[in-house]
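final.csv follows; it contains CSV, C-alpha atoms and all ligand atoms.
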chain,number,residue,atom,x,y,z
A,1,MET,CA,0.0,0.0,0.0
A,2,ASN,CA,2.9,2.3,0.5
A,3,ASN,CA,3.1,3.6,-3.1
A,4,ARG,CA,-0.5,4.8,-2.7
A,5,GLU,CA,-1.7,8.3,-1.9
A,6,LEU,CA,-2.0,9.1,1.8
A,7,LEU,CA,-5.5,10.3,2.1
A,8,LEU,CA,-6.0,10.7,5.9
A,9,GLU,CA,-3.6,10.9,8.7
A,10,THR,CA,-4.0,11.6,12.4
A,11,ARG,CA,-1.1,12.9,14.5
A,12,ASP,CA,-1.2,12.7,18.3
A,13,LEU,CA,-5.0,12.9,18.3
A,14,TRP,CA,-6.6,13.3,21.7
A,15,LYS,CA,-10.3,13.4,22.7
A,16,ILE,CA,-11.1,14.2,26.3
A,17,PHE,CA,-14.7,14.5,27.5
A,18,ASN,CA,-15.3,16.7,30.5
A,19,GLU,CA,-19.0,17.4,30.2
A,20,THR,CA,-20.2,14.9,32.9
A,21,GLY,CA,-18.0,16.2,35.7
A,22,THR,CA,-15.6,13.3,35.3
A,23,THR,CA,-12.7,13.5,32.9
A,24,LEU,CA,-12.8,10.8,30.2
A,25,GLU,CA,-9.6,10.4,28.1
A,26,ILE,CA,-11.1,8.5,25.2
A,27,LEU,CA,-8.4,9.0,22.6
A,28,ARG,CA,-4.9,9.4,24.0
A,29,GLY,CA,-2.6,10.4,21.1
A,30,VAL,CA,-3.7,8.3,18.2
A,31,ASN,CA,-1.5,8.1,15.1
A,32,PHE,CA,-3.2,6.6,12.1
A,33,LYS,CA,-2.9,6.5,8.3
A,34,LEU,CA,-5.4,5.7,5.6
A,35,TYR,CA,-4.2,5.2,2.0
A,36,ALA,CA,-6.3,5.5,-1.2
A,37,GLY,CA,-7.8,2.2,-2.3
A,38,GLU,CA,-7.7,0.6,1.2
A,39,THR,CA,-10.5,-0.9,3.2
A,40,VAL,CA,-9.7,-0.6,6.9
A,41,ALA,CA,-11.8,-2.0,9.7
A,42,ILE,CA,-11.8,-0.3,13.0
A,43,MET,CA,-12.5,-2.7,15.9
A,44,GLY,CA,-12.7,-2.4,19.7
A,45,ALA,CA,-14.9,-2.9,22.7
A,46,SER,CA,-18.1,-0.9,23.2
A,47,GLY,CA,-17.1,2.5,24.5
A,48,ALA,CA,-13.5,2.2,23.3
A,49,GLY,CA,-13.9,5.4,21.2
A,50,LYS,CA,-14.5,4.1,17.7
A,51,SER,CA,-17.4,6.4,16.8
A,52,THR,CA,-15.6,9.3,18.5
A,53,PHE,CA,-12.6,8.6,16.3
A,54,LEU,CA,-14.8,8.4,13.1
A,55,ASN,CA,-16.5,11.7,14.0
A,56,LEU,CA,-13.2,13.4,14.3
A,57,LEU,CA,-12.0,12.1,11.0
A,58,GLY,CA,-15.3,13.2,9.4
A,59,ALA,CA,-15.1,16.7,11.0
A,60,LEU,CA,-18.3,16.1,12.8
A,61,ASP,CA,-16.5,16.9,16.0
A,62,LYS,CA,-13.2,18.5,17.1
A,63,PRO,CA,-10.3,16.9,18.9
A,64,THR,CA,-9.1,18.2,22.3
A,65,LYS,CA,-5.6,18.1,20.7
A,66,GLY,CA,-3.8,16.9,17.6
A,67,GLU,CA,-4.1,17.0,13.9
A,68,VAL,CA,-6.4,15.4,11.3
A,69,LEU,CA,-4.7,15.7,7.9
A,70,PHE,CA,-6.7,15.2,4.7
A,71,LYS,CA,-4.2,15.1,1.8
A,72,GLY,CA,-1.8,16.9,4.0
A,73,GLN,CA,-4.1,19.7,5.2
A,74,ASP,CA,-5.2,19.9,8.8
A,75,ILE,CA,-9.0,20.0,8.8
A,76,VAL,CA,-9.2,20.8,12.5
A,77,LYS,CA,-8.0,24.3,11.7
A,78,LEU,CA,-10.5,25.0,9.0
A,79,GLY,CA,-13.6,27.2,9.5
A,80,GLU,CA,-17.1,25.9,9.7
A,81,LYS,CA,-17.8,26.4,6.0
A,82,GLU,CA,-14.6,24.8,4.8
A,83,ARG,CA,-15.3,21.8,7.1
A,84,ASP,CA,-18.8,21.5,5.5
A,85,ASN,CA,-17.1,21.5,2.1
A,86,TYR,CA,-14.6,18.9,3.3
A,87,ARG,CA,-17.5,16.6,4.3
A,88,SER,CA,-19.7,17.1,1.3
A,89,LEU,CA,-16.9,17.1,-1.4
A,90,HIS,CA,-14.7,14.3,-0.1
A,91,LEU,CA,-16.6,12.1,2.3
A,92,GLY,CA,-19.5,9.7,2.2
A,93,PHE,CA,-21.1,8.7,5.5
A,94,ILE,CA,-22.9,5.4,6.3
A,95,PHE,CA,-24.3,5.1,9.8
A,96,GLN,CA,-25.7,2.2,11.8
A,97,PHE,CA,-29.2,3.5,11.2
A,98,HIS,CA,-29.7,4.6,7.6
A,99,HIS,CA,-31.0,8.1,8.3
A,100,LEU,CA,-32.9,8.3,5.0
A,101,MET,CA,-35.5,11.0,4.7
A,102,PRO,CA,-38.8,9.3,5.1
A,103,GLU,CA,-40.9,11.5,2.8
A,104,PHE,CA,-38.6,11.0,-0.2
A,105,THR,CA,-38.2,8.0,-2.5
A,106,ALA,CA,-35.0,5.9,-2.7
A,107,TRP,CA,-34.1,7.8,-5.9
A,108,GLU,CA,-34.6,11.2,-4.3
A,109,ASN,CA,-32.7,10.3,-1.2
A,110,VAL,CA,-29.7,9.3,-3.3
A,111,MET,CA,-30.0,12.4,-5.5
A,112,PHE,CA,-30.0,14.7,-2.6
A,113,PRO,CA,-26.2,15.2,-2.0
A,114,ALA,CA,-25.6,16.0,-5.7
A,115,ARG,CA,-28.4,18.5,-5.8
A,116,ILE,CA,-26.9,20.3,-2.7
A,117,GLN,CA,-23.6,20.4,-4.6
A,118,GLY,CA,-25.4,22.1,-7.5
A,119,GLN,CA,-25.4,19.3,-10.0
A,120,SER,CA,-28.3,19.6,-12.5
A,121,GLU,CA,-31.5,17.7,-11.8
A,122,LYS,CA,-31.1,15.5,-14.9
A,123,GLN,CA,-27.5,14.6,-14.2
A,124,SER,CA,-28.1,13.7,-10.6
A,125,ARG,CA,-31.2,11.6,-11.5
A,126,GLU,CA,-29.1,9.6,-13.9
A,127,SER,CA,-26.1,9.1,-11.5
A,128,ALA,CA,-28.5,8.2,-8.7
A,129,ALA,CA,-30.3,5.6,-10.9
A,130,GLU,CA,-26.9,4.1,-11.9
A,131,LEU,CA,-25.8,3.8,-8.2
A,132,LEU,CA,-29.1,2.3,-7.2
A,133,GLU,CA,-28.6,-0.3,-10.0
A,134,ILE,CA,-25.1,-1.0,-8.6
A,135,VAL,CA,-26.5,-1.7,-5.2
A,136,GLY,CA,-29.2,-3.9,-6.7
A,137,LEU,CA,-32.2,-1.7,-6.3
A,138,SER,CA,-33.1,-0.6,-9.9
A,139,GLU,CA,-36.6,-2.1,-9.2
A,140,ARG,CA,-37.1,0.0,-6.1
A,141,LEU,CA,-36.4,3.6,-7.4
A,142,GLU,CA,-39.7,5.0,-6.4
A,143,HIS,CA,-40.1,3.3,-3.1
A,144,LEU,CA,-40.2,5.3,0.1
A,145,PRO,CA,-37.9,4.1,2.9
A,146,GLN,CA,-40.9,2.5,4.7
A,147,GLU,CA,-41.6,0.5,1.6
A,148,LEU,CA,-38.1,-1.1,1.7
A,149,SER,CA,-36.6,-3.8,3.8
A,150,GLY,CA,-33.9,-3.0,6.4
A,151,GLY,CA,-31.2,-4.3,4.1
A,152,GLU,CA,-32.6,-2.4,1.1
A,153,ARG,CA,-32.6,0.8,3.1
A,154,GLN,CA,-29.0,0.3,4.1
A,155,ARG,CA,-28.1,-0.2,0.4
A,156,VAL,CA,-29.9,3.0,-0.4
A,157,ALA,CA,-27.7,4.7,2.2
A,158,VAL,CA,-24.7,3.2,0.6
A,159,ALA,CA,-25.7,4.6,-2.8
A,160,ARG,CA,-26.3,8.0,-1.2
A,161,ALA,CA,-22.8,7.9,0.4
A,162,LEU,CA,-21.3,7.2,-3.0
A,163,MET,CA,-23.3,9.8,-4.8
A,164,ALA,CA,-20.8,12.7,-4.3
A,165,ASN,CA,-18.0,10.4,-5.6
A,166,PRO,CA,-16.2,10.6,-2.3
A,167,ASP,CA,-12.5,10.0,-1.7
A,168,ILE,CA,-13.4,8.1,1.4
A,169,VAL,CA,-16.5,6.3,2.7
A,170,LEU,CA,-16.7,6.4,6.5
A,171,ALA,CA,-19.1,3.8,7.9
A,172,ASP,CA,-20.1,3.2,11.5
A,173,GLU,CA,-21.4,-0.3,12.1
A,174,PRO,CA,-23.2,-0.3,8.7
A,175,SER,CA,-24.4,-3.9,9.1
A,176,GLY,CA,-25.1,-3.6,12.8
A,177,ASN,CA,-28.9,-3.7,12.3
A,178,LEU,CA,-29.1,-6.3,9.5
A,179,ASP,CA,-29.7,-10.0,9.6
A,180,GLU,CA,-26.9,-12.3,8.6
A,181,GLU,CA,-28.0,-12.6,5.0
A,182,ASN,CA,-28.4,-8.9,4.4
A,183,ALA,CA,-25.2,-8.2,6.3
A,184,GLU,CA,-23.4,-10.6,3.9
A,185,LYS,CA,-24.9,-8.9,0.9
A,186,LEU,CA,-23.8,-5.5,2.1
A,187,HIS,CA,-20.3,-6.8,2.8
A,188,THR,CA,-20.0,-8.2,-0.7
A,189,LEU,CA,-21.2,-4.9,-2.0
A,190,PHE,CA,-18.4,-3.1,-0.1
A,191,LYS,CA,-15.8,-5.6,-1.4
A,192,ASN,CA,-16.9,-5.2,-5.0
A,193,LEU,CA,-17.0,-1.4,-4.8
A,194,ASN,CA,-13.5,-1.4,-3.5
A,195,LYS,CA,-12.3,-3.8,-6.1
A,196,GLN,CA,-14.1,-2.4,-9.1
A,197,LEU,CA,-14.1,1.3,-8.3
A,198,GLY,CA,-11.1,1.4,-6.0
A,199,GLN,CA,-13.4,3.0,-3.4
A,200,THR,CA,-11.6,3.7,-0.1
A,201,PHE,CA,-13.5,2.5,3.0
A,202,LEU,CA,-13.0,3.1,6.7
A,203,ILE,CA,-15.5,0.9,8.5
A,204,VAL,CA,-16.2,0.6,12.3
A,205,THR,CA,-17.5,-2.9,12.9
A,206,HIS,CA,-18.0,-5.6,15.4
A,207,ASP,CA,-18.6,-8.1,12.6
A,208,LYS,CA,-15.7,-10.5,12.1
A,209,ASN,CA,-16.7,-11.4,8.6
A,210,LEU,CA,-16.7,-7.7,7.5
A,211,ALA,CA,-13.4,-7.1,9.3
A,212,ASN,CA,-11.9,-10.1,7.5
A,213,LEU,CA,-12.7,-8.5,4.1
A,214,ALA,CA,-10.7,-5.5,5.0
A,215,HIS,CA,-7.1,-5.1,3.9
A,216,ARG,CA,-6.2,-4.0,7.4
A,217,GLN,CA,-7.8,-4.3,10.9
A,218,VAL,CA,-7.0,-1.7,13.5
A,219,HIS,CA,-8.0,-2.0,17.2
A,220,ILE,CA,-8.8,0.9,19.5
A,221,LYS,CA,-7.8,0.0,23.0
A,222,LYS,CA,-7.1,2.2,26.0
A,223,GLY,CA,-7.3,5.3,23.9
A,224,LEU,CA,-4.7,4.1,21.4
A,225,ILE,CA,-4.7,2.4,18.0
A,226,LEU,CA,-3.0,-0.9,17.6
A,227,ASP,CA,-2.2,-0.9,13.9
A,228,SER,CA,-0.1,-3.4,11.9
A,229,LEU,CA,1.2,-0.5,9.8
A,230,SER,CA,2.8,1.6,12.5
B,301,LIG,N1,-20.4,13.9,24.1
B,301,LIG,C1,-19.9,13.1,25.0
B,301,LIG,N2,-19.7,13.5,26.3
B,301,LIG,C2,-19.2,12.7,27.3
B,301,LIG,N3,-18.8,11.4,27.0
B,301,LIG,C3,-18.9,10.9,25.7
B,301,LIG,C4,-19.5,11.7,24.7
B,301,LIG,N4,-19.4,11.0,23.5
B,301,LIG,C5,-18.9,9.8,23.9
B,301,LIG,N5,-18.6,9.8,25.2
B,301,LIG,C6,-18.0,8.6,25.9
B,301,LIG,O1,-16.8,8.2,25.2
B,301,LIG,C7,-16.7,6.8,25.1
B,301,LIG,C8,-16.5,6.4,23.7
B,301,LIG,O2,-17.7,6.5,23.0
B,301,LIG,P1,-17.9,6.0,21.5
B,301,LIG,O3,-19.3,6.3,21.1
B,301,LIG,O4,-16.8,6.5,20.7
B,301,LIG,O5,-17.7,4.4,21.7
B,301,LIG,P2,-17.7,3.3,20.6
B,301,LIG,O6,-16.4,2.6,20.6
B,301,LIG,O7,-18.2,3.8,19.3
B,301,LIG,O8,-18.7,2.2,21.2
B,301,LIG,P3,-19.9,1.3,20.6
B,301,LIG,O9,-19.2,0.1,20.0
B,301,LIG,O10,-20.8,1.0,21.7
B,301,LIG,O11,-20.6,2.2,19.5
B,301,LIG,C9,-18.0,6.3,25.8
B,301,LIG,O12,-17.6,5.8,27.1
B,301,LIG,C10,-18.9,7.4,25.9
B,301,LIG,O13,-19.7,7.4,27.0
B,302,MG,MG,-20.0,3.5,18.2

What is this file in structure tokens?
Amino acid sequence: MNNRELLLETRDLWKIFNETGTTLEILRGVNFKLYAGETVAIMGASGAGKSTFLNLLGALDKPTKGEVLFKGQDIVKLGEKERDNYRSLHLGFIFQFHHLMPEFTAWENVMFPARIQGQSEKQSRESAAELLEIVGLSERLEHLPQELSGGERQRVAVARALMANPDIVLADEPSGNLDEENAEKLHTLFKNLNKQLGQTFLIVTHDKNLANLAHRQVHIKKGLILDSLS
């Protein structure tokens, strides 16, 4: 992987929560690197700081100390608007719960990120339909989320995450709410997207099968990352 482009890097990343009266040192100087084309699984016990870490990488939260470099630029130092741009131009998010908008169809939900970015209606309709075909939902374009199964909804969320053609997809327990069969379908989809499109994934998961599909597994333990790379 070492000849690949370094997309994300954290340097001495700390997150300390003080809100509850007690001091919680959740991340204690994490150094991490993610290269283009990789699929990396983040593992660790409940409460270890996996979501916290992903939120910092995705500029959804700020670290207590340390740097988050995207292609060499520290996103922590950016203003709110630039952080918004970083998220919408370079990242795709998949959460444990799909967070689809209930009043919009699968097609509209997927189109939404591109419309925000100012793509034309026609162009975003076409790309959204293509992505929904890739995730196996070309027969479900006009369905509302409530008219889809759990696995189908999560695949709509995957298509939506890919819509902005992101450098990195950040996923937080994407198959946590799926039965075994649907989880396996989703994992195969990730694998194929990585192989065929070279899509880079950073996936928090408890699922051994999904972790085994990754090129690299890293473990968050006692506020640090145990990584085979470093
Ligand atoms: N805003 C907050 N204020 C105070 N403590 C917080 C806050 N957010 C998270 N924590 C604490 O930080 C720790 C790490 O939380 P985090 O959500 O990152 O865990 P996780 O590894 O994703 O766990 P899980 O596998 O259960 O999702 C938890 O103990 C949690 O209580
Ligand atoms: Mg979590």

Using only C-alpha atoms, find each residue in range 5-101 of chain A having at least one atom no more than 12 Å away from range 151-173 of chain A; report its shortest atom-to-atom pair and that distance in Å (one decimal), rows by chain then rising number, as a Markdown table.
| residue | atom | partner | partner_atom | distance |
| --- | --- | --- | --- | --- |
| A:Glu5 | CA | A:Asp167 | CA | 10.9 |
| A:Leu6 | CA | A:Asp167 | CA | 11.1 |
| A:Leu7 | CA | A:Asp167 | CA | 8.0 |
| A:Leu8 | CA | A:Ile168 | CA | 9.0 |
| A:Leu34 | CA | A:Ile168 | CA | 9.3 |
| A:Tyr35 | CA | A:Ile168 | CA | 9.7 |
| A:Ala36 | CA | A:Asp167 | CA | 7.7 |
| A:Gly37 | CA | A:Ile168 | CA | 8.9 |
| A:Glu38 | CA | A:Ile168 | CA | 9.4 |
| A:Thr39 | CA | A:Val169 | CA | 9.4 |
| A:Val40 | CA | A:Leu170 | CA | 9.9 |
| A:Ala41 | CA | A:Ala171 | CA | 9.5 |
| A:Ile42 | CA | A:Asp172 | CA | 9.1 |
| A:Met43 | CA | A:Glu173 | CA | 10.0 |
| A:Gly44 | CA | A:Glu173 | CA | 11.7 |
| A:Ser46 | CA | A:Glu173 | CA | 11.6 |
| A:Gly49 | CA | A:Asp172 | CA | 11.7 |
| A:Lys50 | CA | A:Asp172 | CA | 8.4 |
| A:Ser51 | CA | A:Asp172 | CA | 6.8 |
| A:Thr52 | CA | A:Asp172 | CA | 10.3 |
| A:Phe53 | CA | A:Asp172 | CA | 10.4 |
| A:Leu54 | CA | A:Leu170 | CA | 7.2 |
| A:Asn55 | CA | A:Leu170 | CA | 9.2 |
| A:Leu56 | CA | A:Leu170 | CA | 11.0 |
| A:Leu57 | CA | A:Leu170 | CA | 8.7 |
| A:Gly58 | CA | A:Leu170 | CA | 7.5 |
| A:Ala59 | CA | A:Leu170 | CA | 11.4 |
| A:Leu60 | CA | A:Leu170 | CA | 11.7 |
| A:Phe70 | CA | A:Asp167 | CA | 10.1 |
| A:Lys71 | CA | A:Asp167 | CA | 10.4 |
| A:Asn85 | CA | A:Ala164 | CA | 11.5 |
| A:Tyr86 | CA | A:Pro166 | CA | 10.1 |
| A:Arg87 | CA | A:Pro166 | CA | 9.0 |
| A:Ser88 | CA | A:Ala164 | CA | 7.2 |
| A:Leu89 | CA | A:Ala164 | CA | 6.6 |
| A:His90 | CA | A:Pro166 | CA | 4.6 |
| A:Leu91 | CA | A:Pro166 | CA | 4.9 |
| A:Gly92 | CA | A:Ala161 | CA | 4.2 |
| A:Phe93 | CA | A:Leu170 | CA | 5.1 |
| A:Ile94 | CA | A:Ala171 | CA | 4.4 |
| A:Phe95 | CA | A:Asp172 | CA | 4.9 |
| A:Gln96 | CA | A:Glu173 | CA | 5.0 |
| A:Phe97 | CA | A:Gln154 | CA | 7.8 |
| A:His98 | CA | A:Gln154 | CA | 5.6 |
| A:His99 | CA | A:Ala157 | CA | 7.7 |
| A:Leu100 | CA | A:Ala157 | CA | 6.9 |
| A:Met101 | CA | A:Ala157 | CA | 10.3 |

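The neighbours of range 181-183 of chain A here are the residues that come within 12 Å of it, using only C-alpha atoms and leaving out any residue fewer than 2 positions away in the same chain; they are Gln96, Ser149, Gly150, Gly151, Glu152, Arg153, Gln154, Arg155, Glu173, Pro174, Ser175, Gly176, Asn177, Leu178, Asp179, Lys185, Leu186, His187, Thr188, Leu189, Phe190, Thr205, His206, Asp207, Lys208, Asn209 and Leu210 of chain A.
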
I need the residue nearest Lys15 in chain A from this list: A:Ile116, A:Leu224, A:Asn194, A:Leu141. Use all atoms listed in the file for the distance. A:Leu224

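We find CA of Thr20 in chain A and atom C2 of ligand LIG 301 (chain B) to be spaced 6.1 Å apart.
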
Return as AutoDock Vina command-line options the box centre and box size in Å, one decimal, for an axis-aligned box around all listed atoms of ligand LIG 301 (chain B) padded by 4 Å per side.
--center_x -18.6 --center_y 7.0 --center_z 23.3 --size_x 12.4 --size_y 21.8 --size_z 16.0

Which of these, A:Lys77, A:Val110, A:Ile225, A:Ile203, has the shortest distance to ligand MG 302 (chain B) once you count only C-alpha atoms and all ligand atoms? A:Ile203

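Among A:Val30, A:Leu213, A:Val204, A:Leu226, the residue with the shortest atom-to-atom distance to ligand LIG 301 (chain B), counting only C-alpha atoms and all ligand atoms, is A:Val204.
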